[in-house]
file upload_19.cif (mmCIF, C-alpha atoms and all ligand atoms)
data_entry
loop_
_atom_site.label_atom_id
_atom_site.label_comp_id
_atom_site.auth_asym_id
_atom_site.auth_seq_id
_atom_site.Cartn_x
_atom_site.Cartn_y
_atom_site.Cartn_z
CA MET A 1 -8.22 -14.61 -14.77
CA ILE A 2 -10.55 -11.86 -15.92
CA LYS A 3 -8.83 -8.62 -16.66
CA ARG A 4 -10.53 -5.85 -14.82
CA GLU A 5 -11.08 -2.47 -16.37
CA PHE A 6 -11.02 0.53 -14.10
CA LYS A 7 -12.53 3.80 -15.09
CA THR A 8 -12.16 5.94 -12.01
CA VAL A 9 -9.43 6.45 -9.46
CA LYS A 10 -11.78 5.15 -6.80
CA GLU A 11 -12.35 1.82 -8.55
CA ARG A 12 -8.65 1.24 -9.02
CA LEU A 13 -7.69 2.10 -5.44
CA PHE A 14 -10.56 0.30 -3.76
CA TRP A 15 -9.93 -2.83 -5.80
CA SER A 16 -6.32 -2.76 -4.70
CA TYR A 17 -7.36 -2.22 -1.08
CA ALA A 18 -9.92 -5.04 -1.20
CA ASN A 19 -7.29 -7.37 -2.65
CA LEU A 20 -4.86 -6.35 0.04
CA ALA A 21 -7.44 -7.14 2.71
CA MET A 22 -8.04 -10.51 1.07
CA ALA A 23 -4.29 -11.17 1.06
CA HIS A 24 -4.14 -10.23 4.73
CA THR A 25 -6.75 -12.83 5.69
CA ALA A 26 -4.86 -15.49 3.72
CA VAL A 27 -1.53 -14.65 5.32
CA GLU A 28 -3.03 -14.71 8.79
CA LYS A 29 -4.25 -18.25 8.21
CA ASN A 30 -1.08 -19.41 6.42
CA GLN A 31 -2.99 -20.32 3.31
CA GLU A 32 -1.05 -21.26 0.23
CA LYS A 33 -3.82 -20.15 -2.03
CA TYR A 34 -7.00 -18.19 -1.87
CA ILE A 35 -10.22 -19.97 -1.09
CA LYS A 36 -13.85 -18.96 -1.42
CA PHE A 37 -13.86 -17.26 1.98
CA ASN A 38 -11.08 -14.88 0.94
CA TYR A 39 -12.82 -13.99 -2.31
CA MET A 40 -16.00 -13.29 -0.39
CA ILE A 41 -14.18 -10.85 1.87
CA ARG A 42 -12.77 -9.09 -1.15
CA SER A 43 -16.05 -8.81 -2.96
CA LYS A 44 -17.96 -7.59 0.09
CA LEU A 45 -15.32 -4.99 0.92
CA TYR A 46 -14.98 -3.74 -2.65
CA LYS A 47 -18.72 -3.31 -2.99
CA GLY A 48 -18.98 -1.64 0.40
CA LEU A 49 -16.18 0.80 -0.33
CA CYS A 50 -17.59 1.75 -3.71
CA ASN A 51 -21.09 2.42 -2.39
CA ASN A 52 -19.83 4.14 0.76
CA THR A 53 -21.24 1.67 3.26
CA MET A 54 -17.72 0.66 4.32
CA ASN A 55 -14.58 2.64 4.99
CA VAL A 56 -10.88 2.22 4.60
CA ARG A 57 -9.50 1.77 8.09
CA THR A 58 -7.52 4.60 9.59
CA LEU A 59 -3.76 4.59 9.91
CA PHE A 60 -4.12 4.07 13.65
CA ASP A 61 -3.57 0.29 13.40
CA ASP A 62 -0.51 0.83 11.27
CA GLU A 63 0.90 3.31 13.74
CA LYS A 64 0.32 0.89 16.59
CA ILE A 65 2.13 -1.89 14.74
CA LYS A 66 4.98 0.45 13.92
CA LEU A 67 5.51 1.15 17.61
CA LEU A 68 5.27 -2.52 18.53
CA LEU A 69 7.76 -3.58 15.90
CA GLY A 70 10.31 -1.21 17.32
CA GLN A 71 13.20 0.35 15.51
CA LYS A 72 13.92 -1.72 12.43
CA CYS A 73 14.27 -0.99 8.77
CA SER A 74 10.79 -1.40 7.27
CA TYR A 75 12.26 -2.74 4.07
CA CYS A 76 15.03 -5.16 5.06
CA GLY A 77 14.67 -5.52 8.84
CA SER A 78 18.14 -4.22 9.65
CA GLU A 79 18.55 -2.54 13.04
CA GLU A 80 21.60 -0.56 12.11
CA ASN A 81 22.05 2.93 10.74
CA LEU A 82 18.40 3.78 10.94
CA ALA A 83 16.88 6.94 9.62
CA LEU A 84 13.37 8.09 8.93
CA ASP A 85 12.10 7.47 5.44
CA HIS A 86 9.34 9.49 3.82
CA ILE A 87 6.86 7.21 2.07
CA PHE A 88 5.66 10.08 -0.06
CA PRO A 89 8.90 11.85 -0.98
CA LYS A 90 9.27 15.33 0.42
CA LYS A 91 10.03 16.58 -3.04
CA TYR A 92 6.46 15.78 -4.07
CA GLY A 93 4.77 17.19 -1.02
CA GLY A 94 5.30 14.30 1.40
CA LYS A 95 4.85 15.54 4.95
CA ASP A 96 6.96 15.19 8.09
CA THR A 97 4.10 13.47 9.90
CA GLY A 98 4.09 10.06 11.58
CA ASP A 99 1.74 8.66 8.94
CA ASN A 100 4.26 9.35 6.23
CA LEU A 101 7.37 8.28 8.13
CA ILE A 102 8.79 4.82 8.65
CA TYR A 103 12.17 3.55 9.73
CA ALA A 104 14.62 2.64 7.02
CA CYS A 105 18.30 1.75 7.17
CA ARG A 106 20.75 4.02 5.39
CA LYS A 107 21.31 1.45 2.65
CA CYS A 108 17.63 1.11 1.75
CA ASN A 109 17.06 4.80 2.23
CA SER A 110 19.77 5.78 -0.22
CA SER A 111 18.78 3.08 -2.70
CA LYS A 112 15.21 4.37 -2.67
CA GLY A 113 16.42 7.95 -3.04
CA LYS A 114 13.75 10.22 -4.41
CA LYS A 115 11.76 7.39 -5.91
CA ASP A 116 8.22 6.65 -5.04
CA LEU A 117 7.90 3.45 -2.99
CA MET A 118 6.36 1.35 -5.75
CA GLU A 119 8.64 2.76 -8.41
CA TRP A 120 11.60 1.71 -6.26
CA MET A 121 10.18 -1.76 -5.64
CA ILE A 122 9.48 -2.30 -9.32
CA SER A 123 13.02 -1.22 -10.19
CA LYS A 124 14.32 -3.88 -7.76
CA GLU A 125 11.77 -6.44 -8.99
CA GLN A 126 10.44 -6.81 -5.48
CA PHE A 127 7.09 -6.65 -3.82
CA PRO A 128 6.85 -4.58 -0.63
CA ALA A 129 5.89 -6.09 2.71
CA LEU A 130 2.16 -6.18 3.18
CA LEU A 131 2.21 -3.72 6.06
CA ILE A 132 4.19 -1.14 4.15
CA LEU A 133 1.94 -1.51 1.18
CA ARG A 134 -1.12 -1.09 3.35
CA ARG A 135 0.19 2.15 4.79
CA TYR A 136 1.15 3.36 1.34
CA LEU A 137 -2.23 2.54 -0.13
CA LYS A 138 -4.01 4.26 2.73
CA LEU A 139 -1.89 7.37 2.18
CA VAL A 140 -2.74 7.33 -1.52
CA ILE A 141 -6.46 6.96 -0.78
CA GLU A 142 -6.34 9.70 1.85
CA PHE A 143 -4.54 11.97 -0.61
CA CYS A 144 -7.04 11.34 -3.42
CA GLU A 145 -9.98 11.89 -1.10
CA LYS A 146 -8.58 15.17 0.13
CA GLU A 147 -7.82 16.41 -3.38
CA ASN A 148 -11.17 15.20 -4.72
CA TYR A 149 -9.65 12.80 -7.21
CA MET A 150 -11.62 9.72 -6.24
CA ASN A 151 -14.25 10.09 -8.95
CA SER A 152 -11.84 11.38 -11.58
CA PRO A 153 -11.08 9.26 -14.63
CA LEU A 154 -7.74 7.49 -14.28
CA GLU A 155 -6.29 9.41 -17.24
CA ASP A 156 -6.65 12.68 -15.37
CA LEU A 157 -4.25 11.56 -12.68
CA ARG A 158 -1.62 10.47 -15.16
CA LYS A 159 -1.26 14.07 -16.29
CA LEU A 160 -0.44 15.37 -12.83
CA GLU A 161 2.76 15.36 -10.84
CA LEU A 162 1.86 13.43 -7.72
CA PRO A 163 3.75 11.72 -4.87
CA PHE A 164 2.78 8.34 -6.33
CA ASN A 165 2.07 6.78 -9.71
CA ILE A 166 -1.42 5.35 -9.94
CA ASP A 167 -0.33 2.75 -12.50
CA PHE A 168 2.28 1.31 -10.13
CA ILE A 169 -0.20 0.46 -7.42
CA PRO A 170 -0.53 -3.32 -7.33
CA ILE A 171 -3.86 -4.90 -8.05
CA ASP A 172 -2.99 -8.53 -7.46
CA TYR A 173 -1.42 -9.94 -4.35
CA PRO A 174 -0.40 -13.50 -5.08
CA ALA A 175 -1.13 -15.68 -2.07
CA PRO A 176 1.81 -18.13 -2.15
CA TYR A 177 4.23 -15.27 -2.46
CA LEU A 178 2.74 -13.51 0.53
CA LEU A 179 3.37 -16.50 2.78
CA ASN A 180 6.95 -15.38 3.16
CA MET A 181 5.86 -12.12 4.65
CA THR A 182 5.36 -11.10 8.22
CA VAL A 183 2.02 -9.60 9.00
CA LYS A 184 2.37 -8.90 12.69
ZN ZN B 1 17.04 -1.63 5.05
#

call {"tool": "encode", "arguments": {"input": "upload_19.cif", "output": "structure tokens"}}
result
Amino acid sequence: MIKREFKTVKERLFWSYANLAMAHTAVEKNQEKYIKFNYMIRSKLYKGLCNNTMNVRTLFDDEKIKLLLGQKCSYCGSEENLALDHIFPKKYGGKDTGDNLIYACRKCNSSKGKKDLMEWMISKEQFPALLILRRYLKLVIEFCEKENYMNSPLEDLRKLELPFNIDFIPIDYPAPYLLNMTVK
């Protein structure tokens, strides 16, 4: 596989988002690997996002799914001892808004602690559920757009204290692995 070089924050985040969308189409069709159609979706979306002819979808869909799924831990599915978990930790400016809050059981919540979502997942050697990752990525993109970081060189972000770590955001979403995940 070709190793991609990213110069700006925008390139890194949009590539991740386009890959996530590609993964989503594969999971929906129960594919064990990516086929040409999936790659086409990715390439079209990435190009469109970079030249501003396409947009990252709003968090509305994610909110709708959250309501439909009901009260369950977003990480392990447990229905007991639920609390609200901040995706962006409060300590780093995470807000008490619906976009930033998901259900988590007490066990997952305390294991995650003050860690950023991806930092926590990496420490457990796990990959988050697609839906959680999508929400997280949207929050990161929204944050970078608001703070005008999208066109900044990646190095600039590494120097700042942010609610996420740009280097932890996944770029590849392996198709066979994703088959075990629930999309809807
Ligand atoms: Zn849990």

call {"tool": "atom_distance", "arguments": {"input": "upload_19.cif", "atom1": "atom CA of A:His86", "atom2": "atom CA of A:Asn100"}}
result
5.6 Å

call {"tool": "residues_near_ligand", "arguments": {"input": "upload_19.cif", "ligand": "ligand ZN 1 (chain B)", "cutoff": "12 Å", "atoms": "only C-alpha atoms and all ligand atoms", "output": "number ranges by chain"}}
result
A: 71-85, 102-112

call {"tool": "residues_around", "arguments": {"input": "upload_19.cif", "residues": "stretch 34-49 of chain A", "least_positions_apart": "3", "cutoff": "8 Å", "atoms": "all atoms listed in the file", "output": "PyMOL selection string"}}
result
chain A and resi 14-15+17-19+21-23+25-26+31+52-56+175

call {"tool": "atom_distance", "arguments": {"input": "upload_19.cif", "atom1": "atom CA of A:Gly113", "atom2": "atom CA of A:Pro89"}}
result
8.7 Å

call {"tool": "atom_distance", "arguments": {"input": "upload_19.cif", "atom1": "atom CA of A:Leu139", "atom2": "atom CA of A:Gly98"}}
result
11.5 Å

call {"tool": "residues_near_point", "arguments": {"input": "upload_19.cif", "point": "(-13.7, 6.6, -8.9)", "cutoff": "12 Å", "atoms": "only C-alpha atoms", "output": "MDAnalysis selection string"}}
result
chainID A and resid 6:15 49:52 141 144:145 148:157

call {"tool": "write_last_selection", "arguments": {"input": "upload_19.cif", "atoms": "C-alpha atoms", "output": "PDB file, in the coordinates of the input"}}
result
ATOM      1  CA  PHE A   6     -11.020   0.530 -14.100  1.00  0.00           C
ATOM      2  CA  LYS A   7     -12.530   3.800 -15.090  1.00  0.00           C
ATOM      3  CA  THR A   8     -12.160   5.940 -12.010  1.00  0.00           C
ATOM      4  CA  VAL A   9      -9.430   6.450  -9.460  1.00  0.00           C
ATOM      5  CA  LYS A  10     -11.780   5.150  -6.800  1.00  0.00           C
ATOM      6  CA  GLU A  11     -12.350   1.820  -8.550  1.00  0.00           C
ATOM      7  CA  ARG A  12      -8.650   1.240  -9.020  1.00  0.00           C
ATOM      8  CA  LEU A  13      -7.690   2.100  -5.440  1.00  0.00           C
ATOM      9  CA  PHE A  14     -10.560   0.300  -3.760  1.00  0.00           C
ATOM     10  CA  TRP A  15      -9.930  -2.830  -5.800  1.00  0.00           C
ATOM     11  CA  LEU A  49     -16.180   0.800  -0.330  1.00  0.00           C
ATOM     12  CA  CYS A  50     -17.590   1.750  -3.710  1.00  0.00           C
ATOM     13  CA  ASN A  51     -21.090   2.420  -2.390  1.00  0.00           C
ATOM     14  CA  ASN A  52     -19.830   4.140   0.760  1.00  0.00           C
ATOM     15  CA  ILE A 141      -6.460   6.960  -0.780  1.00  0.00           C
ATOM     16  CA  CYS A 144      -7.040  11.340  -3.420  1.00  0.00           C
ATOM     17  CA  GLU A 145      -9.980  11.890  -1.100  1.00  0.00           C
ATOM     18  CA  ASN A 148     -11.170  15.200  -4.720  1.00  0.00           C
ATOM     19  CA  TYR A 149      -9.650  12.800  -7.210  1.00  0.00           C
ATOM     20  CA  MET A 150     -11.620   9.720  -6.240  1.00  0.00           C
ATOM     21  CA  ASN A 151     -14.250  10.090  -8.950  1.00  0.00           C
ATOM     22  CA  SER A 152     -11.840  11.380 -11.580  1.00  0.00           C
ATOM     23  CA  PRO A 153     -11.080   9.260 -14.630  1.00  0.00           C
ATOM     24  CA  LEU A 154      -7.740   7.490 -14.280  1.00  0.00           C
ATOM     25  CA  GLU A 155      -6.290   9.410 -17.240  1.00  0.00           C
ATOM     26  CA  ASP A 156      -6.650  12.680 -15.370  1.00  0.00           C
ATOM     27  CA  LEU A 157      -4.250  11.560 -12.680  1.00  0.00           C
TER      28      LEU A 157
END

call {"tool": "closest_residue", "arguments": {"input": "upload_19.cif", "among": "A:Glu28, A:Glu63, A:Ile171, A:Leu131", "to": "A:Thr97", "atoms": "only C-alpha atoms"}}
result
A:Glu63

call {"tool": "residues_near_point", "arguments": {"input": "upload_19.cif", "point": "(3.0, -1.3, -2.1)", "cutoff": "12 Å", "atoms": "only C-alpha atoms", "output": "PyMOL selection string"}}
result
chain A and resi 13+16-17+19-20+75+87-88+116-122+126-140+164-173
